[in-house]
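What follows is a single structure, written as structure tokens, with notes after it.
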Amino acid sequence: MLLLSLVAMTMYLSCCGSDEKDEPEVVPEGTYASVYTSENDTHYEYTLDMEHQLCTITVHNVVFTIGERQSPAMTIRIPNAAIVSTSHTGAVTIEDTNIAPEMLRGSDFVPMPDVQYIVTDLRATLNAVEKTFAITFKCHGGEFSDTGKLQ
């Protein structure tokens, strides 16, 4: 009787499989770049560190609108933003606030610790399967948001 029970259980498990096999892999670590479009010169790189649940976001040619003024185009890096969730569908959510960004000066990034440049209210999502992203944040008295495709 015990032998029949073991055989039946083995057949059930091999027939039905495991739930883990049905779920896609979690988003792999690495850098995800946005698709460059000529109508919007701003483009992005999201570098995921899944072990530490952090993401460094590089924003190339960003322009901030501050009231009626616009900043010159610049490249900034938002280091070590917190990854708050991931899903088996390929989505990553990044949320953080009070991050000192770094600005590209020549070929090096320079920290911008002045309180007026602190990045606040950062929220970004990227989906490695659907190859899409969305980002919003505030910096230097202005707000920024964008959506697009990943390579």
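Convention: chains lettered A, B, ... in structure tokens order; per-chain residue numbering from 1; ligands numbered from 1 as shown.
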
Q) Within 12 Å of region 129-134 of chain A, counting only C-alpha atoms, which residues qualify if same-chain residues fewer than 6 places away don't, as a ChimeraX atom specification? A) /A:24-28,32-35,43-46,57,87-95,122-123,144-151

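For the pair CA of Thr37 (chain A) and CA of Val59 (chain A), the separation is 13.9 Å.
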
Q) Which of these, A:Met74, A:Cys55, A:Leu48, A:Cys139, has the shortest distance to Arg105 (chain A) once you count only C-alpha atoms? A) A:Met74

Please provide the set of residues having any atom within 9 Å of region 107-115 of chain A, restricted to only C-alpha atoms, with same-chain residues fewer than 2 positions apart removed, written as a compact mmCIF listing (two decimals) with N, CA and C atoms, in the first residue's frame.
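Output (part_36.txt):
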# COMPACT_ATOMS: atom_id res chain seq x y z
N THR A 75 23.96 65.86 -18.52
CA THR A 75 23.90 64.42 -18.21
C THR A 75 24.10 64.27 -16.72
N ILE A 76 23.12 63.62 -16.08
CA ILE A 76 23.22 63.39 -14.65
C ILE A 76 23.12 61.89 -14.36
N ARG A 77 23.65 61.52 -13.21
CA ARG A 77 23.54 60.14 -12.76
C ARG A 77 22.91 60.17 -11.37
N ASN A 98 15.62 62.19 -1.87
CA ASN A 98 16.80 62.79 -1.24
C ASN A 98 18.11 62.12 -1.67
N ILE A 99 18.30 62.03 -2.96
CA ILE A 99 19.53 61.46 -3.52
C ILE A 99 20.37 62.59 -4.12
N ALA A 100 21.63 62.66 -3.74
CA ALA A 100 22.54 63.64 -4.33
C ALA A 100 22.96 63.12 -5.70
N PRO A 101 22.56 63.79 -6.78
CA PRO A 101 22.94 63.32 -8.11
C PRO A 101 24.39 63.66 -8.42
N GLU A 102 24.86 63.09 -9.50
CA GLU A 102 26.20 63.39 -10.00
C GLU A 102 26.05 63.95 -11.41
N MET A 103 26.82 64.97 -11.73
CA MET A 103 26.75 65.59 -13.04
C MET A 103 28.01 65.27 -13.84
N LEU A 104 27.83 64.99 -15.11
CA LEU A 104 28.96 64.70 -15.98
C LEU A 104 29.71 65.99 -16.28
N ARG A 105 30.98 66.02 -15.90
CA ARG A 105 31.87 67.14 -16.19
C ARG A 105 33.06 66.57 -16.93
N TYR A 117 20.13 70.74 -5.64
CA TYR A 117 20.20 69.75 -6.71
C TYR A 117 19.73 68.36 -6.30
N ILE A 118 19.33 68.18 -5.05
CA ILE A 118 18.91 66.87 -4.56
C ILE A 118 17.71 66.35 -5.35
N HIS A 140 16.34 70.47 -8.67
CA HIS A 140 16.67 71.88 -8.97
C HIS A 140 15.42 72.73 -9.19

Q.
Can you tell me, as a ChimeraX atom specification, which residues in region 25-101 of chain A count as strand (DSSP E) by DSSP?
A. /A:30-33,43-49,54-62,65-66,69-70,74-86,91-96

Those same residues - N, CA and C atoms - I'd like them written as a compact mmCIF listing (two decimals), in the first residue's frame.
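Result file is selection.txt:
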# COMPACT_ATOMS: atom_id res chain seq x y z
N GLY A 30 22.12 44.00 -14.68
CA GLY A 30 22.80 44.53 -15.85
C GLY A 30 22.32 45.93 -16.17
N THR A 31 22.69 46.43 -17.34
CA THR A 31 22.32 47.77 -17.77
C THR A 31 21.32 47.69 -18.90
N TYR A 32 20.25 48.46 -18.75
CA TYR A 32 19.20 48.55 -19.76
C TYR A 32 19.20 49.97 -20.30
N ALA A 33 19.35 50.12 -21.60
CA ALA A 33 19.41 51.45 -22.22
C ALA A 33 18.11 51.72 -22.97
N HIS A 43 18.01 60.42 -23.19
CA HIS A 43 18.00 58.96 -23.17
C HIS A 43 18.61 58.47 -21.87
N TYR A 44 18.41 57.20 -21.56
CA TYR A 44 18.63 56.68 -20.21
C TYR A 44 19.42 55.39 -20.21
N GLU A 45 20.07 55.16 -19.08
CA GLU A 45 20.66 53.86 -18.78
C GLU A 45 20.27 53.51 -17.34
N TYR A 46 19.68 52.34 -17.18
CA TYR A 46 19.30 51.83 -15.86
C TYR A 46 20.24 50.67 -15.55
N THR A 47 21.08 50.82 -14.53
CA THR A 47 22.00 49.75 -14.15
C THR A 47 21.49 49.12 -12.86
N LEU A 48 21.05 47.87 -12.98
CA LEU A 48 20.46 47.16 -11.85
C LEU A 48 21.49 46.35 -11.09
N ASP A 49 21.48 46.51 -9.78
CA ASP A 49 22.28 45.70 -8.87
C ASP A 49 21.27 44.94 -8.01
N LEU A 54 19.50 47.85 -5.72
CA LEU A 54 19.78 49.24 -6.06
C LEU A 54 19.82 49.41 -7.57
N CYS A 55 19.53 50.63 -8.00
CA CYS A 55 19.59 50.96 -9.42
C CYS A 55 20.27 52.32 -9.57
N THR A 56 21.23 52.41 -10.47
CA THR A 56 21.83 53.69 -10.82
C THR A 56 21.27 54.09 -12.17
N ILE A 57 20.70 55.29 -12.22
CA ILE A 57 20.04 55.78 -13.43
C ILE A 57 20.88 56.92 -14.01
N THR A 58 21.29 56.78 -15.25
CA THR A 58 21.99 57.85 -15.95
C THR A 58 21.03 58.45 -16.96
N VAL A 59 20.86 59.78 -16.85
CA VAL A 59 19.94 60.51 -17.74
C VAL A 59 20.79 61.42 -18.61
N HIS A 60 20.85 61.12 -19.90
CA HIS A 60 21.66 61.89 -20.85
C HIS A 60 20.81 63.00 -21.46
N ASN A 61 21.37 64.20 -21.55
CA ASN A 61 20.75 65.35 -22.20
C ASN A 61 19.40 65.73 -21.59
N VAL A 62 19.34 65.72 -20.27
CA VAL A 62 18.10 66.11 -19.59
C VAL A 62 18.01 67.63 -19.53
N THR A 65 12.53 72.02 -16.70
CA THR A 65 11.70 73.22 -16.83
C THR A 65 11.44 73.73 -15.43
N ILE A 66 11.87 74.96 -15.18
CA ILE A 66 11.75 75.58 -13.87
C ILE A 66 10.94 76.86 -14.06
N ARG A 69 11.47 79.02 -17.25
CA ARG A 69 12.84 78.85 -17.72
C ARG A 69 13.14 77.38 -17.96
N GLN A 70 14.16 77.13 -18.77
CA GLN A 70 14.66 75.78 -18.99
C GLN A 70 16.15 75.75 -18.72
N MET A 74 21.97 68.56 -19.85
CA MET A 74 23.07 68.03 -19.05
C MET A 74 22.90 66.52 -18.90
N THR A 75 23.96 65.86 -18.52
CA THR A 75 23.90 64.42 -18.21
C THR A 75 24.10 64.27 -16.72
N ILE A 76 23.12 63.62 -16.08
CA ILE A 76 23.22 63.39 -14.65
C ILE A 76 23.12 61.89 -14.36
N ARG A 77 23.65 61.52 -13.21
CA ARG A 77 23.54 60.14 -12.76
C ARG A 77 22.91 60.17 -11.37
N ILE A 78 21.89 59.34 -11.18
CA ILE A 78 21.22 59.21 -9.89
C ILE A 78 21.69 57.87 -9.32
N PRO A 79 22.63 57.92 -8.37
CA PRO A 79 23.23 56.66 -7.88
C PRO A 79 22.40 55.98 -6.79
N ASN A 80 22.45 54.67 -6.80
CA ASN A 80 21.95 53.85 -5.69
C ASN A 80 20.52 54.14 -5.25
N ALA A 81 19.62 54.25 -6.21
CA ALA A 81 18.20 54.39 -5.88
C ALA A 81 17.64 53.02 -5.51
N ALA A 82 16.73 52.99 -4.58
CA ALA A 82 16.21 51.73 -4.05
C ALA A 82 15.24 51.05 -5.02
N ILE A 83 15.49 49.78 -5.26
CA ILE A 83 14.53 48.94 -5.99
C ILE A 83 13.55 48.45 -4.93
N VAL A 84 12.27 48.84 -5.08
CA VAL A 84 11.29 48.50 -4.05
C VAL A 84 10.48 47.25 -4.39
N SER A 85 10.45 46.87 -5.66
CA SER A 85 9.77 45.63 -6.01
C SER A 85 10.22 45.14 -7.38
N THR A 86 10.12 43.83 -7.54
CA THR A 86 10.36 43.18 -8.82
C THR A 86 9.24 42.17 -9.01
N ALA A 91 9.04 43.24 -14.49
CA ALA A 91 8.94 44.63 -14.06
C ALA A 91 9.77 44.90 -12.82
N VAL A 92 10.38 46.08 -12.79
CA VAL A 92 11.15 46.56 -11.64
C VAL A 92 10.61 47.93 -11.29
N THR A 93 10.35 48.17 -10.01
CA THR A 93 9.92 49.48 -9.54
C THR A 93 11.01 50.07 -8.66
N ILE A 94 11.36 51.31 -8.95
CA ILE A 94 12.41 52.02 -8.23
C ILE A 94 11.76 53.25 -7.61
N GLU A 95 11.92 53.41 -6.31
CA GLU A 95 11.39 54.59 -5.63
C GLU A 95 12.40 55.04 -4.60
N ASP A 96 12.67 56.35 -4.56
CA ASP A 96 13.60 56.87 -3.58
C ASP A 96 13.46 58.38 -3.54

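Reported to one decimal place, the separation of CA of Thr97 (chain A) from CA of Ala124 (chain A) is 11.7 Å.
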
**Q.** Nearest candidate to Asp41 (chain A) (options A:Phe64, A:Ala73, A:Thr125, A:Glu29; using only C-alpha atoms)
**A.** A:Ala73

Q) How many Å separate CA of Gln53 (chain A) from CA of Ile135 (chain A)? A) 17.6 Å

(Q) Residues of chain A classed as alpha helix (DSSP H) by DSSP on the backbone are to be reported as a ChimeraX atom specification. (A) /A:2-16,19-22

Print the selection's residues with N, CA and C atoms to a file, as a compact mmCIF listing (two decimals), in the first residue's frame.
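The resulting file, out.txt, is shown below:
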# COMPACT_ATOMS: atom_id res chain seq x y z
N LEU A 2 1.93 1.24 0.81
CA LEU A 2 2.86 2.37 0.86
C LEU A 2 3.52 2.58 -0.49
N LEU A 3 3.87 1.48 -1.15
CA LEU A 3 4.49 1.56 -2.46
C LEU A 3 3.54 2.19 -3.47
N LEU A 4 2.27 1.82 -3.45
CA LEU A 4 1.28 2.41 -4.36
C LEU A 4 1.12 3.90 -4.11
N SER A 5 1.13 4.32 -2.85
CA SER A 5 1.02 5.74 -2.52
C SER A 5 2.21 6.52 -3.06
N LEU A 6 3.41 5.98 -2.91
CA LEU A 6 4.61 6.64 -3.42
C LEU A 6 4.59 6.75 -4.94
N VAL A 7 4.17 5.70 -5.62
CA VAL A 7 4.08 5.72 -7.08
C VAL A 7 3.06 6.76 -7.52
N ALA A 8 1.92 6.81 -6.86
CA ALA A 8 0.88 7.78 -7.22
C ALA A 8 1.37 9.20 -7.01
N MET A 9 2.08 9.46 -5.90
CA MET A 9 2.59 10.79 -5.63
C MET A 9 3.64 11.19 -6.66
N THR A 10 4.51 10.28 -7.04
CA THR A 10 5.53 10.55 -8.04
C THR A 10 4.89 10.88 -9.38
N MET A 11 3.87 10.14 -9.76
CA MET A 11 3.18 10.38 -11.04
C MET A 11 2.50 11.74 -11.01
N TYR A 12 1.88 12.11 -9.88
CA TYR A 12 1.21 13.40 -9.76
C TYR A 12 2.22 14.54 -9.92
N LEU A 13 3.34 14.46 -9.21
CA LEU A 13 4.34 15.52 -9.27
C LEU A 13 4.96 15.65 -10.65
N SER A 14 5.23 14.54 -11.32
CA SER A 14 5.82 14.63 -12.66
C SER A 14 4.80 15.10 -13.68
N CYS A 15 3.56 14.79 -13.48
CA CYS A 15 2.50 15.19 -14.41
C CYS A 15 2.19 16.68 -14.27
N CYS A 16 2.04 17.13 -13.06
CA CYS A 16 1.58 18.50 -12.82
C CYS A 16 2.72 19.50 -12.81
N ASP A 19 5.15 24.84 -9.69
CA ASP A 19 4.77 26.22 -9.99
C ASP A 19 5.97 27.06 -10.37
N GLU A 20 7.13 26.77 -9.79
CA GLU A 20 8.33 27.55 -10.06
C GLU A 20 8.72 27.50 -11.53
N LYS A 21 8.50 26.38 -12.21
CA LYS A 21 8.90 26.24 -13.61
C LYS A 21 8.02 27.09 -14.51
N ASP A 22 6.78 27.38 -14.07
CA ASP A 22 5.85 28.14 -14.89
C ASP A 22 6.11 29.65 -14.85
